[in-house]
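A short worksheet on the structure shown next.
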Amino acid sequence: MLLAVTGEYHRAGVVCDSIVPFISNITGGVNADDIRLYSDDGNTAAIDGYLNIPAVRKAIGADTRYVYTACNRTVRLA
Amino acid sequence: MHRHHHHQVGILFQDDEIRSEKHLLPPLLAKYKMLLYSGQFDINVGAPGTELLLNTLAWPGLEDYRSAKRQIWRVRLTESQHCISGARSHRVASLVVEQLAGDVVGYAKQARSLTYVLVNGAGHMVPATQPASALDMINRFINNLPFS
């Protein structure tokens, strides 16, 4: 907290981002999005399915040339 | 922007993420009604942090919010069915709501334009882990129905 208050945002961010991995590590890999789970699966299949429904895509004005995929690797590496 | 799910983008935003944007909420609350919700089993954006934020938010409704009673939220069949009767997915929605009818599915605090909901049995992706609760929550919020 003090790092953020004193404007050291980068250092504060590094510390903040180390907390969840630490918890995951000492708990044997608990999923921080849902502590009942021990995998990093998430629920992206349901999100992909929903966001690719034509009516949903139309409602949110999505570009129909592209298929939506959560956490897309190509986008991530771009 | 959901930083957690896009690692490379997230790294670029890392220095910004730690900066508080708490001050942006009061102007929004002055104009719009707002729903914040937390899944009970989410520690990435955990309920205690959200509750601390809301209990210290500098806006005219702070005292009303702090003194508001925490309401026990149960899915009520008649209200939820009424709300979803016009929806295309009416049948499916009715079925999932029926399964939870009467159960305690969470807790809510409301004051003025602010609604906070803790969703029982949910992870970070509330609609994915508790779809019926999420549907009931959104219906209540949109239709200005109480959670108690």
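The way I read the labels, and the way they are meant: chains A, B, ... in the order of the structure tokens, residue 1 as the first residue of every chain, and ligand 1 as the first ligand shown, with later ones counted on from there.
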- Message: Can you tell me which residues surround Leu24 of chain B at a distance of at most 12 Å, considering only C-alpha atoms, apart from same-chain residues fewer than 6 positions away, and format the answer as a VMD selection string?
- Response: chain B and resid 30 to 31 57 to 59
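These are the residues of segment 29-75 of chain A assigned helix (DSSP H, G or I) by DSSP from backbone coordinates: Thr44, Ala45, Ala46, Ile47, Asp48, Gly49, Tyr50, Leu51, Pro54, Ala55, Val56, Arg57, Lys58, Ala59, Arg73, Thr74 and Val75 of chain A.
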- Query: Do you know which residues are at most 12 Å from Asn52 of chain A counting only C-alpha atoms, after dropping those on the same chain fewer than 3 positions away, and could you put them as number ranges by chain?
  - Reply: A: 44-49, 55-70
List as a short mmCIF file (atom, residue, chain, number, x, y, z; two decimals) with N, CA and C atoms, in the first residue's frame the protein and nucleic acid residues near segment 7-9 of chain A, meaning an atom at most 10 Å away when only C-alpha atoms are counted, but skip any in the same chain fewer than 5 places from it.
```
data_model
loop_
_atom_site.label_atom_id
_atom_site.label_comp_id
_atom_site.auth_asym_id
_atom_site.auth_seq_id
_atom_site.Cartn_x
_atom_site.Cartn_y
_atom_site.Cartn_z
N MET A 1 0.83 -1.21 0.00
CA MET A 1 0.00 0.00 0.00
C MET A 1 0.86 1.25 0.00
N LEU A 2 1.93 1.25 0.81
CA LEU A 2 2.76 2.44 0.89
C LEU A 2 3.41 2.76 -0.45
N VAL A 14 4.42 -4.90 -9.09
CA VAL A 14 5.17 -6.17 -9.04
C VAL A 14 4.82 -6.93 -7.76
N VAL A 15 4.78 -6.20 -6.64
CA VAL A 15 4.44 -6.84 -5.37
C VAL A 15 3.01 -7.38 -5.42
N GLN B 14 0.53 -2.82 -16.18
CA GLN B 14 0.85 -3.13 -14.80
C GLN B 14 1.02 -1.88 -13.92
N ASP B 15 1.72 -0.91 -14.46
CA ASP B 15 1.98 0.28 -13.65
C ASP B 15 0.71 1.10 -13.41
N ASP B 16 -0.25 0.97 -14.33
CA ASP B 16 -1.50 1.71 -14.17
C ASP B 16 -2.46 1.00 -13.22
N GLU B 17 -2.39 -0.31 -13.24
CA GLU B 17 -3.38 -1.07 -12.48
C GLU B 17 -3.36 -0.74 -11.00
N ILE B 18 -2.20 -0.46 -10.49
CA ILE B 18 -2.05 -0.24 -9.06
C ILE B 18 -2.58 1.13 -8.63
N ARG B 19 -2.77 2.01 -9.62
CA ARG B 19 -3.29 3.34 -9.28
C ARG B 19 -4.79 3.24 -8.98
#
```
- Query: Taking only C-alpha atoms into account, which of A:Phe22, A:Asn31, A:His10, A:Ser39 comes nearest chain B?
  - Reply: A:His10
- Task: Would you work out the distance separating atom CA of Leu62 of chain B from atom CA of Glu21 of chain B, expressed in Å to one decimal?
- Result: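 Here the two named atoms are 17.1 Å from each other.
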- Message: What does the structure give for the distance between atom CA of Leu36 of chain B and atom CA of Ala134 of chain B, in Å to one decimal?
- Response: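 Going from atom CA of Leu36 of chain B over to atom CA of Ala134 of chain B, I get 12.0 Å.
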- Message: Using only C-alpha atoms for the distances, tell me which of B:Gln110, B:Thr129, B:Gln71, B:Asn139 is nearest to chain A.
- Response: B:Thr129
- So which residues touch segment 72-74 of chain B within 10 Å, counting only C-alpha atoms, skipping near sequence neighbours fewer than 6 positions away, as number ranges by chain? B: 100-109, 117-120, 133, 136-137, 146-148
